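Reproduced below: upload-v7.cif, with mmCIF, C-alpha atoms.
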```cif
data_structure
#
loop_
_atom_site.label_atom_id
_atom_site.label_comp_id
_atom_site.auth_asym_id
_atom_site.auth_seq_id
_atom_site.Cartn_x
_atom_site.Cartn_y
_atom_site.Cartn_z
CA MET N 1 0.00 0.00 0.00
CA SER N 2 1.60 3.26 -1.15
CA VAL N 3 1.18 6.50 0.73
CA SER N 4 1.35 9.71 -1.24
CA PRO N 5 3.41 12.48 0.34
CA ALA N 6 1.35 15.10 2.09
CA THR N 7 1.71 18.68 0.98
CA ASP N 8 1.34 21.34 3.66
CA VAL N 9 -0.04 24.67 2.44
CA ALA N 10 0.49 27.53 4.86
CA SER N 11 -2.53 29.68 5.18
CA PRO N 12 -2.08 33.39 5.84
CA GLY N 13 -2.35 34.14 9.46
CA PRO N 14 -2.75 37.28 11.54
CA ALA N 15 1.02 37.99 11.55
CA ALA N 16 1.19 38.08 7.73
CA ASP N 17 -1.78 40.43 7.58
CA ALA N 18 -0.08 42.81 10.00
CA ASP N 19 3.11 42.83 7.88
CA ALA N 20 1.16 43.59 4.73
CA ASP N 21 -0.63 46.47 6.44
CA ALA N 22 2.68 47.92 7.65
CA ALA N 23 4.24 47.74 4.16
CA ALA N 24 1.35 49.54 2.50
CA PRO N 25 1.92 53.31 2.20
CA ALA N 26 -0.26 55.54 4.28
CA PRO N 27 -2.73 57.85 2.52
CA ALA N 28 -0.82 60.91 3.75
CA ASP N 29 2.37 59.61 2.16
CA LEU N 30 0.56 58.96 -1.11
CA ASP N 31 -0.79 62.51 -1.10
CA ALA N 32 2.68 63.93 -0.44
CA ASP N 33 4.14 61.85 -3.29
CA ALA N 34 1.43 63.01 -5.65
CA ARG N 35 1.95 66.64 -4.77
CA ALA N 36 5.72 66.33 -5.17
CA ALA N 37 5.33 64.69 -8.59
CA SER N 38 2.89 67.30 -9.84
CA GLY N 39 4.78 70.27 -8.48
CA ASP N 40 1.91 71.40 -6.21
CA GLY N 41 3.74 70.45 -3.04
CA ALA N 42 6.62 72.91 -3.38
CA ASP N 43 5.96 74.29 0.08
CA VAL N 44 5.91 70.90 1.85
CA ALA N 45 8.63 70.79 4.49
CA ALA N 46 11.71 68.80 3.56
CA SER N 47 11.51 66.65 6.69
CA GLN N 48 7.99 65.49 5.74
CA ARG N 49 9.01 64.22 2.32
CA PRO N 50 10.03 60.61 1.87
CA THR N 51 13.64 60.27 0.84
CA SER N 52 14.72 57.89 -1.89
CA ALA N 53 16.39 54.63 -1.01
CA PRO N 54 20.13 55.13 -0.47
CA THR N 55 22.49 53.55 -2.92
CA PRO N 56 24.77 50.79 -1.63
CA GLY N 57 27.68 52.26 0.28
CA HIS N 58 26.12 55.75 0.45
CA GLU N 59 23.76 56.32 3.32
CA TYR N 60 22.12 59.68 3.97
CA ASP N 61 19.84 60.09 6.96
CA GLY N 62 19.29 63.87 6.75
CA PRO N 63 16.39 65.74 5.18
CA GLU N 64 16.09 66.28 1.47
CA LEU N 65 17.60 69.55 0.14
CA ILE N 66 15.30 71.36 -2.26
CA ILE N 67 16.64 74.29 -4.30
CA ARG N 68 13.97 76.57 -5.73
CA PRO N 69 14.01 80.24 -6.82
CA ARG N 70 12.66 82.97 -4.60
CA ARG N 71 10.80 86.05 -5.65
CA GLY N 72 11.58 89.72 -5.20
CA TRP N 73 14.77 91.20 -3.77
CA ILE N 74 16.77 88.43 -2.12
CA ALA N 75 19.09 89.13 0.80
CA VAL N 76 22.65 87.86 0.74
CA ASP N 77 23.13 84.58 2.61
CA TRP N 78 26.27 85.49 4.53
CA SER N 79 26.32 82.17 6.40
CA GLU N 80 26.46 80.29 3.09
CA LEU N 81 29.32 82.45 1.88
CA TRP N 82 31.21 81.80 5.10
CA ARG N 83 30.70 78.04 4.87
CA HIS N 84 32.12 78.02 1.33
CA ARG N 85 34.95 80.50 1.99
CA GLU N 86 37.56 77.89 1.06
CA LEU N 87 36.06 77.71 -2.43
CA LEU N 88 36.68 81.43 -2.87
CA TYR N 89 40.34 80.92 -2.05
CA PHE N 90 40.72 78.24 -4.73
CA LEU N 91 38.87 80.37 -7.31
CA VAL N 92 41.20 83.30 -6.66
CA TRP N 93 44.29 81.10 -6.86
CA ARG N 94 42.98 79.53 -10.07
CA ASP N 95 42.50 82.95 -11.69
CA VAL N 96 46.00 84.02 -10.71
CA LYS N 97 47.62 80.85 -12.09
CA VAL N 98 45.61 80.83 -15.32
CA ARG N 99 46.45 84.47 -16.00
CA TYR N 100 50.19 83.85 -16.11
CA LYS N 101 50.18 80.21 -17.22
CA GLN N 102 52.54 79.45 -20.11
CA ALA N 103 53.77 83.06 -20.05
CA ILE N 104 57.49 83.52 -20.59
CA LEU N 105 57.87 86.05 -17.77
CA GLY N 106 55.15 84.56 -15.57
CA PHE N 107 54.36 86.65 -12.49
CA ALA N 108 56.94 89.21 -13.62
CA TRP N 109 54.24 90.67 -15.85
CA ALA N 110 52.60 91.99 -12.68
CA ILE N 111 55.72 94.17 -12.32
CA PHE N 112 56.56 95.07 -15.90
CA ALA N 113 53.03 95.85 -17.12
CA PRO N 114 52.44 98.80 -14.75
CA LEU N 115 56.02 100.02 -15.17
CA ILE N 116 55.58 100.21 -18.95
CA SER N 117 52.39 102.24 -18.45
CA VAL N 118 54.21 104.55 -16.02
CA VAL N 119 56.98 105.24 -18.53
CA LEU N 120 54.47 105.84 -21.34
CA PHE N 121 52.18 108.24 -19.45
CA THR N 122 55.04 110.09 -17.76
CA THR N 123 56.70 110.72 -21.10
CA ILE N 124 53.52 111.89 -22.84
CA PHE N 125 51.87 114.04 -20.14
CA PHE N 126 54.77 115.33 -18.08
CA ARG N 127 57.63 115.58 -20.55
CA PHE N 128 55.96 116.44 -23.86
CA ALA N 129 52.69 118.03 -22.66
CA GLY N 130 54.42 119.93 -19.84
CA MET N 131 51.97 119.00 -17.08
CA GLY N 132 54.82 118.55 -14.63
CA ARG N 133 54.68 122.29 -13.84
CA SER N 134 51.38 121.74 -12.03
CA LEU N 135 52.96 119.31 -9.55
CA PRO N 136 54.83 120.34 -6.40
CA ALA N 137 58.60 120.42 -6.91
CA HIS N 138 59.21 117.55 -4.48
CA VAL N 139 56.81 115.12 -6.23
CA PRO N 140 58.41 112.86 -8.90
CA PRO N 141 56.07 112.59 -11.91
CA ALA N 142 56.71 108.85 -12.25
CA LEU N 143 55.56 108.20 -8.67
CA TYR N 144 52.54 110.44 -9.20
CA VAL N 145 51.45 108.45 -12.24
CA PHE N 146 52.23 105.11 -10.60
CA ALA N 147 50.05 105.90 -7.57
CA GLY N 148 47.08 106.59 -9.83
CA LEU N 149 47.63 103.46 -11.90
CA ILE N 150 47.81 101.20 -8.83
CA ALA N 151 44.51 102.57 -7.59
CA TRP N 152 42.98 102.23 -11.05
CA HIS N 153 44.07 98.61 -11.49
CA LEU N 154 41.40 97.25 -9.14
CA ALA N 155 38.65 99.23 -10.83
CA SER N 156 39.74 98.23 -14.32
CA SER N 157 39.81 94.57 -13.28
CA ALA N 158 36.28 94.94 -11.90
CA ILE N 159 35.05 96.33 -15.22
CA GLY N 160 37.01 94.13 -17.61
CA GLN N 161 37.42 90.81 -15.83
CA GLY N 162 34.66 91.00 -13.22
CA GLY N 163 32.08 92.27 -15.69
CA LEU N 164 32.67 89.30 -18.02
CA SER N 165 33.34 86.68 -15.33
CA LEU N 166 29.92 85.01 -15.49
CA VAL N 167 29.73 84.97 -19.29
CA SER N 168 33.19 83.43 -19.58
CA GLN N 169 32.46 80.72 -17.00
CA GLN N 170 29.05 79.47 -18.04
CA ASN N 171 29.77 75.87 -17.01
CA LEU N 172 29.97 76.92 -13.38
CA LEU N 173 26.49 78.40 -13.66
CA SER N 174 24.70 75.53 -15.35
CA LYS N 175 26.53 72.40 -14.16
CA ILE N 176 26.93 72.82 -10.41
CA TYR N 177 25.48 74.83 -7.56
CA MET N 178 27.79 77.20 -5.72
CA PRO N 179 27.60 80.73 -4.31
CA ARG N 180 27.62 82.64 -7.60
CA LEU N 181 28.87 85.78 -5.88
CA PHE N 182 32.25 84.06 -5.64
CA ILE N 183 32.79 84.19 -9.41
CA PRO N 184 33.08 88.00 -9.81
CA THR N 185 34.63 88.26 -6.33
CA ALA N 186 37.43 85.91 -7.41
CA SER N 187 38.37 88.25 -10.27
CA ILE N 188 38.79 91.10 -7.77
CA GLY N 189 40.81 88.83 -5.49
CA GLY N 190 43.17 87.99 -8.33
CA ALA N 191 43.59 91.68 -9.14
CA LEU N 192 44.28 92.37 -5.47
CA VAL N 193 47.29 90.02 -5.65
CA ASP N 194 48.71 92.06 -8.54
CA THR N 195 47.97 95.27 -6.61
CA CYS N 196 50.00 94.07 -3.63
CA ILE N 197 52.92 93.31 -5.96
CA SER N 198 52.61 96.80 -7.48
CA TRP N 199 52.67 98.43 -4.04
CA GLY N 200 55.91 96.57 -3.34
CA VAL N 201 57.42 98.00 -6.54
CA PHE N 202 56.07 101.43 -5.59
CA ALA N 203 57.86 101.22 -2.22
CA LEU N 204 61.14 100.41 -3.96
CA MET N 205 60.66 103.40 -6.27
CA MET N 206 60.09 105.65 -3.26
CA VAL N 207 63.37 104.44 -1.78
CA TYR N 208 65.11 105.20 -5.09
CA TYR N 209 63.71 108.75 -5.31
CA HIS N 210 64.50 109.32 -1.64
CA LEU N 211 68.14 108.51 -2.29
CA ARG N 212 68.22 110.46 -5.56
CA MET N 213 66.26 113.64 -4.76
CA GLY N 214 65.32 113.37 -1.09
CA PHE N 215 61.66 112.54 -1.62
CA THR N 216 59.81 111.61 1.58
CA PRO N 217 56.14 110.64 1.65
CA GLU N 218 53.74 112.45 3.94
CA TRP N 219 52.72 110.97 7.30
CA THR N 220 49.19 110.67 5.95
CA ILE N 221 50.35 107.66 3.95
CA ILE N 222 49.03 105.61 6.87
CA PHE N 223 45.53 106.13 5.44
CA VAL N 224 46.38 104.25 2.23
CA PRO N 225 45.15 100.87 3.59
CA ALA N 226 41.76 102.44 4.39
CA LEU N 227 41.59 103.87 0.88
CA THR N 228 42.48 100.43 -0.49
CA VAL N 229 39.50 98.93 1.34
CA LEU N 230 37.33 101.64 -0.21
CA SER N 231 38.73 100.76 -3.64
CA ILE N 232 37.92 97.08 -3.07
CA CYS N 233 34.32 97.95 -2.14
CA ALA N 234 33.96 100.10 -5.26
CA SER N 235 35.42 97.33 -7.43
CA LEU N 236 33.08 94.71 -5.96
CA GLY N 237 30.06 96.92 -6.54
CA ILE N 238 31.05 97.46 -10.17
CA ALA N 239 31.83 93.76 -10.73
CA TYR N 240 28.54 92.53 -9.22
CA THR N 241 26.42 94.95 -11.22
CA LEU N 242 28.20 94.51 -14.55
CA SER N 243 28.52 90.71 -14.32
CA ALA N 244 24.81 90.25 -13.62
CA ALA N 245 23.80 92.75 -16.29
CA THR N 246 26.12 91.18 -18.88
CA VAL N 247 24.49 87.77 -18.44
CA GLN N 248 21.05 89.27 -18.93
CA TYR N 249 21.99 91.76 -21.66
CA ARG N 250 24.72 90.29 -23.85
CA ASP N 251 25.30 93.55 -25.73
CA LEU N 252 27.09 94.94 -22.68
CA ARG N 253 30.12 92.72 -23.25
CA PHE N 254 30.94 94.75 -26.35
CA LEU N 255 30.76 97.97 -24.32
CA VAL N 256 33.05 96.79 -21.51
CA PRO N 257 36.36 97.85 -23.22
CA PHE N 258 34.84 101.24 -24.07
CA ILE N 259 33.62 101.72 -20.49
CA THR N 260 37.08 100.85 -19.16
CA GLN N 261 38.93 103.35 -21.33
CA THR N 262 36.40 106.14 -20.89
CA TRP N 263 36.25 105.78 -17.12
CA MET N 264 40.04 105.89 -16.85
CA TRP N 265 40.32 109.18 -18.72
CA LEU N 266 37.45 110.71 -16.74
CA SER N 267 39.10 109.75 -13.42
CA ALA N 268 42.36 111.71 -13.90
CA VAL N 269 44.44 108.57 -13.46
CA ALA N 270 47.47 109.48 -15.57
CA TYR N 271 47.32 113.28 -15.38
CA PRO N 272 46.81 115.88 -12.64
CA PRO N 273 43.27 117.27 -12.18
CA SER N 274 44.67 120.77 -12.52
CA ILE N 275 43.71 120.67 -16.21
CA PHE N 276 40.15 121.34 -15.02
CA ILE N 277 41.32 124.63 -13.46
CA ARG N 278 41.70 127.63 -15.78
CA LYS N 279 44.09 130.41 -14.78
CA ASP N 280 44.91 133.80 -16.23
CA ALA N 281 48.33 135.11 -17.22
CA ALA N 282 49.02 136.21 -13.64
CA GLY N 283 48.36 132.71 -12.31
CA GLN N 284 45.04 133.57 -10.70
CA VAL N 285 42.25 131.00 -10.84
CA VAL N 286 39.58 132.12 -13.26
CA ALA N 287 37.36 129.00 -13.31
CA ASP N 288 37.54 125.80 -11.30
CA HIS N 289 35.66 122.93 -12.95
CA THR N 290 36.92 120.18 -10.64
CA TRP N 291 33.45 120.10 -9.04
CA VAL N 292 32.35 118.03 -12.04
CA LEU N 293 34.66 115.22 -10.89
CA ALA N 294 32.64 114.87 -7.68
CA PHE N 295 30.07 112.92 -9.71
CA ASN N 296 32.72 110.30 -10.52
CA PRO N 297 32.74 107.74 -7.68
CA LEU N 298 36.36 106.79 -8.41
CA PHE N 299 37.99 110.21 -8.66
CA GLY N 300 37.65 111.01 -4.97
CA ILE N 301 39.46 107.78 -4.09
CA PHE N 302 42.31 108.30 -6.56
CA ASP N 303 42.71 111.93 -5.54
CA ALA N 304 42.83 110.93 -1.85
CA TYR N 305 45.55 108.37 -2.63
CA ARG N 306 47.81 111.06 -4.03
CA ALA N 307 46.98 113.55 -1.30
CA ALA N 308 47.85 110.98 1.37
CA ILE N 309 51.19 110.06 -0.24
CA PHE N 310 52.42 113.33 -1.77
CA GLY N 311 50.57 115.99 0.21
CA THR N 312 48.86 117.45 -2.86
CA THR N 313 45.54 119.28 -2.68
CA PHE N 314 43.03 117.28 -0.65
CA ARG N 315 39.40 117.56 -1.73
CA PRO N 316 37.30 116.26 1.19
CA TRP N 317 33.96 116.77 -0.57
CA HIS N 318 35.07 114.64 -3.49
CA LEU N 319 36.13 111.85 -1.11
CA LEU N 320 32.85 112.08 0.81
CA SER N 321 30.95 111.89 -2.47
CA SER N 322 32.93 108.80 -3.44
CA ILE N 323 32.20 107.10 -0.10
CA VAL N 324 28.46 107.68 -0.46
CA MET N 325 28.37 106.50 -4.08
CA VAL N 326 30.55 103.45 -3.38
CA ALA N 327 28.24 102.38 -0.55
CA ALA N 328 25.26 102.78 -2.87
CA MET N 329 26.98 100.87 -5.70
CA LEU N 330 27.98 97.97 -3.47
CA THR N 331 24.51 97.67 -1.94
CA PHE N 332 22.77 97.87 -5.28
CA GLY N 333 25.24 95.46 -6.88
CA LEU N 334 24.68 92.82 -4.20
CA PHE N 335 20.90 92.94 -4.35
CA TYR N 336 20.76 93.24 -8.15
CA PHE N 337 23.05 90.24 -8.48
CA ARG N 338 20.89 88.19 -6.11
CA ARG N 339 17.71 89.25 -7.88
CA THR N 340 18.93 88.14 -11.30
CA GLU N 341 20.85 85.09 -10.03
CA ARG N 342 17.82 82.78 -10.26
CA ARG N 343 17.84 83.13 -14.06
CA PHE N 344 21.57 82.62 -14.61
CA ALA N 345 21.37 78.90 -15.36
CA ASP N 346 18.58 79.44 -17.89
CA ILE N 347 20.11 82.28 -19.91
CA ALA N 348 23.83 81.51 -19.51
#
```
This structure in structure tokens:
Amino acid sequence: MSVSPATDVASPGPAADADADAAAPAPADLDADARAASGDGADVAASQRPTSAPTPGHEYDGPELIIRPRRGWIAVDWSELWRHRELLYFLVWRDVKVRYKQAILGFAWAIFAPLISVVLFTTIFFRFAGMGRSLPAHVPPALYVFAGLIAWHLASSAIGQGGLSLVSQQNLLSKIYMPRLFIPTASIGGALVDTCISWGVFALMMVYYHLRMGFTPEWTIIFVPALTVLSICASLGIAYTLSAATVQYRDLRFLVPFITQTWMWLSAVAYPPSIFIRKDAAGQVVADHTWVLAFNPLFGIFDAYRAAIFGTTFRPWHLLSSIVMVAAMLTFGLFYFRRTERRFADIA
């Protein structure tokens, strides 16, 4: 007599029903998923959203980070800038290395480039045009021109390099997320390195003219670092405004070289502002048109540089006008940059 093997079939019990109920998603979770998929749940808190399953070897237990544009004027997130401050250092160092990469003289161009400009402007304006007569006898024309060019270097970098920084680095805008303010700021940081080198050359030239003709700078030279900070603020304001506007209005990139040259000549960088003062044959002032320069936010800074070093005529109202306009430019540049930043990735 053969006995067929018995087959045991397990029937679902209460424990299996409880497991099935636990695995089924709750209605609230289904609603959250539906809203997230349709875009209607943009305001749902990140901690309430289900996170995707972590990939093997990469576990993330924190909330989901959602990046979305905000409306209106957006304040600067200073805490974010501070957390990513190391990135700014590497961007500045990258700009400095790329600028002189594969150059025969390398960093020596930071010395020779301003010296060539000093020789050129000194020869044209003070030797051929005879503007040296308007300077005090103890002021060497070469130092006078060099002081203006050092101050101008930061501003010209803000217009030329900072204004085109976003357009020339579109991959950083569309491929990754980072504090976009660092891109134009890095161009100013790179120019600040060249400025420090130029000040070192300027100090050596002062030693040379002290030994040759007894030139001694005024004690007010101690205010030069404060004026340098003011120049940095002006350069940042220009760079933020121009870089954001250039991304939105591409025609501006063709105007940047023209703006740079025009602003330099209107700021009395390579010549004394005495050309705006008309005198009669007896040497008496007939008309003083230097008040027009008060509307130039950079002239007051450059003029204060020379007054602090050489003791030339100090124009306090021009400096005060520059301080007010620089503060306005920096504030407007920051908020304008943040307002247009949300469209950078789309139009870059």
Quiz prompt | Nearby residues (only C-alpha atoms) at most 9 Å from Gly190 (chain N), same-chain spacing under 2 positions excluded, as a list in words | solution = Leu91, Val92, Trp93, Arg94, Asp95, Val96, Ser157, Thr185, Ala186, Ser187, Ile188, Leu192, Val193, Asp194 and Thr195 of chain N
Quiz item: Skipping near chain neighbours, those fewer than 4 positions away, what residues fall within 10 Å of Ala244 (chain N) using all atoms listed in the file, listed as a list of chain:residue names?
Solution: N:Gly162, N:Gly163, N:Leu164, N:Ser165, N:Leu166, N:Val167, N:Leu181, N:Pro184, N:Ala239, N:Tyr240, N:Gln248, N:Tyr249, N:Gly333, N:Leu334, N:Tyr336, N:Phe337, N:Arg338, N:Arg339, N:Thr340, N:Glu341, N:Arg343, N:Phe344
For the residues selected in the previous step, produce a file with C-alpha atoms as a PDB file, keeping the file's coordinate frame.
```pdb
ATOM      1  CA  GLY N 162      34.660  91.000 -13.220  1.00  0.00           C
ATOM      2  CA  GLY N 163      32.080  92.270 -15.690  1.00  0.00           C
ATOM      3  CA  LEU N 164      32.670  89.300 -18.020  1.00  0.00           C
ATOM      4  CA  SER N 165      33.340  86.680 -15.330  1.00  0.00           C
ATOM      5  CA  LEU N 166      29.920  85.010 -15.490  1.00  0.00           C
ATOM      6  CA  VAL N 167      29.730  84.970 -19.290  1.00  0.00           C
ATOM      7  CA  LEU N 181      28.870  85.780  -5.880  1.00  0.00           C
ATOM      8  CA  PRO N 184      33.080  88.000  -9.810  1.00  0.00           C
ATOM      9  CA  ALA N 239      31.830  93.760 -10.730  1.00  0.00           C
ATOM     10  CA  TYR N 240      28.540  92.530  -9.220  1.00  0.00           C
ATOM     11  CA  GLN N 248      21.050  89.270 -18.930  1.00  0.00           C
ATOM     12  CA  TYR N 249      21.990  91.760 -21.660  1.00  0.00           C
ATOM     13  CA  GLY N 333      25.240  95.460  -6.880  1.00  0.00           C
ATOM     14  CA  LEU N 334      24.680  92.820  -4.200  1.00  0.00           C
ATOM     15  CA  TYR N 336      20.760  93.240  -8.150  1.00  0.00           C
ATOM     16  CA  PHE N 337      23.050  90.240  -8.480  1.00  0.00           C
ATOM     17  CA  ARG N 338      20.890  88.190  -6.110  1.00  0.00           C
ATOM     18  CA  ARG N 339      17.710  89.250  -7.880  1.00  0.00           C
ATOM     19  CA  THR N 340      18.930  88.140 -11.300  1.00  0.00           C
ATOM     20  CA  GLU N 341      20.850  85.090 -10.030  1.00  0.00           C
ATOM     21  CA  ARG N 343      17.840  83.130 -14.060  1.00  0.00           C
ATOM     22  CA  PHE N 344      21.570  82.620 -14.610  1.00  0.00           C
TER      23      PHE N 344
END
```
Practice problem: Write out as an MDAnalysis selection string the residues lying within 6 Å of region 293-308 of chain N, counting all atoms listed in the file and excluding same-chain residues fewer than 2 positions away. | Solution: chainID N and resid 220:221 267 290:291 310:312 314 318:319 322 325
Exercise. Could you check which of N:His138, N:His289, N:Arg99, N:Arg180 is closest to Pro217 (chain N), using only C-alpha atoms?
Key: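 The answer is N:His138, which sits nearest to Pro217 (chain N).
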Quiz item: For Val326 (chain N), which residue out of N:Ser274, N:Thr216, N:Gln161, N:Ser235 is the nearest one, using all atoms listed in the file?
Solution: N:Ser235
Determine the residue set returned by the PyMOL selection byres ((chain N and resi 179) around 12) for the present structure, and present it as a compact mmCIF listing (two decimals) with C-alpha atoms, keeping the file's coordinate frame.
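Written out: selection-v7.txt:
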```txt
# COMPACT_ATOMS: atom_id res chain seq x y z
CA VAL N 76 22.65 87.86 0.74
CA ASP N 77 23.13 84.58 2.61
CA TRP N 78 26.27 85.49 4.53
CA SER N 79 26.32 82.17 6.40
CA GLU N 80 26.46 80.29 3.09
CA LEU N 81 29.32 82.45 1.88
CA TRP N 82 31.21 81.80 5.10
CA ARG N 83 30.70 78.04 4.87
CA HIS N 84 32.12 78.02 1.33
CA ARG N 85 34.95 80.50 1.99
CA GLU N 86 37.56 77.89 1.06
CA LEU N 87 36.06 77.71 -2.43
CA LEU N 88 36.68 81.43 -2.87
CA LEU N 91 38.87 80.37 -7.31
CA LEU N 172 29.97 76.92 -13.38
CA LEU N 173 26.49 78.40 -13.66
CA ILE N 176 26.93 72.82 -10.41
CA TYR N 177 25.48 74.83 -7.56
CA MET N 178 27.79 77.20 -5.72
CA ARG N 180 27.62 82.64 -7.60
CA LEU N 181 28.87 85.78 -5.88
CA PHE N 182 32.25 84.06 -5.64
CA ILE N 183 32.79 84.19 -9.41
CA PRO N 184 33.08 88.00 -9.81
CA THR N 185 34.63 88.26 -6.33
CA ALA N 186 37.43 85.91 -7.41
CA PHE N 337 23.05 90.24 -8.48
CA ARG N 338 20.89 88.19 -6.11
CA GLU N 341 20.85 85.09 -10.03
CA ARG N 342 17.82 82.78 -10.26
```
Quiz item: Could you work out how far CA of Val145 (chain N) lies from CA of Ala270 (chain N), giving the answer in Å with one decimal?
Solution: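 Value for the CA of Ala270 (chain N)-CA of Val145 (chain N) distance: 5.3 Å.
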Practice problem: Choose the residue, out of N:Val286, N:Ile309, N:Ile275, N:Leu211, that has the smallest atom-to-atom separation from Met131 (chain N); count all atoms listed in the file. | Solution: N:Ile275
Quiz item: Interatomic distance between CA of Gln170 (chain N) and CA of Thr246 (chain N)?
Solution: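 The value is 12.1 Å.
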Self-check item: Among the residues N:Phe90, N:Ala151, N:Trp109, N:Leu227, the one that comes closest to Leu320 (chain N) [using all atoms listed in the file]
Solution: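 Under the stated criterion, the closest residue is N:Leu227.
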Practice problem: For each of N:Val292, N:Met213, N:Val224, N:Leu255, take the minimum atom-to-atom distance to Ser321 (chain N), counting only C-alpha atoms, then give the residue where this is smallest. | Solution: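 Looking at the shortest contact to Ser321 (chain N), the residue is N:Val292.
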Practice problem: Would you list the contacts of His210 (chain N) as a PyMOL selection string, taking every protein, DNA or RNA residue within 12 Å and counting all atoms listed in the file, but skipping same-chain residues closer than 4 positions in sequence? | Solution: chain N and resi 138-140+143+203-206+214-217
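When all atoms listed in the file are used to measure the gap to Met264 (chain N), the shortest distance among N:Tyr144, N:Glu64, N:Leu115, N:Ser156 belongs to N:Ser156.
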Exercise. May I ask for the distance between CA of Thr241 (chain N) and CA of Gln169 (chain N), given in Å to one decimal place?
Key: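 One can read the CA of Thr241 (chain N) to CA of Gln169 (chain N) distance as 16.5 Å.
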Exercise. Just the residues within 12 Å of Thr123 (chain N), please, counting all atoms listed in the file, with nothing from its chain fewer than 3 positions along; format it as a list of chain:residue names.
Key: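 What passes the distance filter is N:Ile116, N:Ser117, N:Val118, N:Val119, N:Leu120, N:Phe126, N:Arg127, N:Phe128, N:Ala129, N:Gly130, N:Met131, N:Gly132, N:Pro141, N:Ala142, N:Val145, N:Ala270, N:Tyr271.
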Just write the chosen residues, C-alpha atoms, as a compact mmCIF listing (two decimals), keeping the file's coordinate frame.
```txt
# COMPACT_ATOMS: atom_id res chain seq x y z
CA ILE N 116 55.58 100.21 -18.95
CA SER N 117 52.39 102.24 -18.45
CA VAL N 118 54.21 104.55 -16.02
CA VAL N 119 56.98 105.24 -18.53
CA LEU N 120 54.47 105.84 -21.34
CA PHE N 126 54.77 115.33 -18.08
CA ARG N 127 57.63 115.58 -20.55
CA PHE N 128 55.96 116.44 -23.86
CA ALA N 129 52.69 118.03 -22.66
CA GLY N 130 54.42 119.93 -19.84
CA MET N 131 51.97 119.00 -17.08
CA GLY N 132 54.82 118.55 -14.63
CA PRO N 141 56.07 112.59 -11.91
CA ALA N 142 56.71 108.85 -12.25
CA VAL N 145 51.45 108.45 -12.24
CA ALA N 270 47.47 109.48 -15.57
CA TYR N 271 47.32 113.28 -15.38
```
Save region 306-340 of chain N to a file: C-alpha atoms, as a PDB file, in the first residue's frame.
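Writing done, so here's selection.pdb:
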```pdb
ATOM      1  CA  ARG N 306      47.808 111.060  -4.033  1.00  0.00           C
ATOM      2  CA  ALA N 307      46.980 113.554  -1.305  1.00  0.00           C
ATOM      3  CA  ALA N 308      47.848 110.984   1.367  1.00  0.00           C
ATOM      4  CA  ILE N 309      51.186 110.063  -0.240  1.00  0.00           C
ATOM      5  CA  PHE N 310      52.416 113.329  -1.768  1.00  0.00           C
ATOM      6  CA  GLY N 311      50.568 115.991   0.214  1.00  0.00           C
ATOM      7  CA  THR N 312      48.860 117.447  -2.856  1.00  0.00           C
ATOM      8  CA  THR N 313      45.537 119.278  -2.678  1.00  0.00           C
ATOM      9  CA  PHE N 314      43.028 117.277  -0.654  1.00  0.00           C
ATOM     10  CA  ARG N 315      39.403 117.558  -1.727  1.00  0.00           C
ATOM     11  CA  PRO N 316      37.297 116.256   1.190  1.00  0.00           C
ATOM     12  CA  TRP N 317      33.961 116.769  -0.568  1.00  0.00           C
ATOM     13  CA  HIS N 318      35.074 114.640  -3.487  1.00  0.00           C
ATOM     14  CA  LEU N 319      36.130 111.853  -1.112  1.00  0.00           C
ATOM     15  CA  LEU N 320      32.848 112.082   0.809  1.00  0.00           C
ATOM     16  CA  SER N 321      30.946 111.892  -2.469  1.00  0.00           C
ATOM     17  CA  SER N 322      32.928 108.800  -3.439  1.00  0.00           C
ATOM     18  CA  ILE N 323      32.203 107.097  -0.102  1.00  0.00           C
ATOM     19  CA  VAL N 324      28.458 107.680  -0.462  1.00  0.00           C
ATOM     20  CA  MET N 325      28.368 106.503  -4.080  1.00  0.00           C
ATOM     21  CA  VAL N 326      30.551 103.453  -3.383  1.00  0.00           C
ATOM     22  CA  ALA N 327      28.241 102.378  -0.549  1.00  0.00           C
ATOM     23  CA  ALA N 328      25.256 102.778  -2.872  1.00  0.00           C
ATOM     24  CA  MET N 329      26.978 100.874  -5.700  1.00  0.00           C
ATOM     25  CA  LEU N 330      27.978  97.973  -3.468  1.00  0.00           C
ATOM     26  CA  THR N 331      24.508  97.666  -1.935  1.00  0.00           C
ATOM     27  CA  PHE N 332      22.765  97.868  -5.281  1.00  0.00           C
ATOM     28  CA  GLY N 333      25.241  95.464  -6.881  1.00  0.00           C
ATOM     29  CA  LEU N 334      24.681  92.818  -4.204  1.00  0.00           C
ATOM     30  CA  PHE N 335      20.895  92.941  -4.349  1.00  0.00           C
ATOM     31  CA  TYR N 336      20.758  93.240  -8.149  1.00  0.00           C
ATOM     32  CA  PHE N 337      23.047  90.237  -8.477  1.00  0.00           C
ATOM     33  CA  ARG N 338      20.895  88.191  -6.107  1.00  0.00           C
ATOM     34  CA  ARG N 339      17.706  89.248  -7.878  1.00  0.00           C
ATOM     35  CA  THR N 340      18.931  88.140 -11.305  1.00  0.00           C
TER      36      THR N 340
END
```
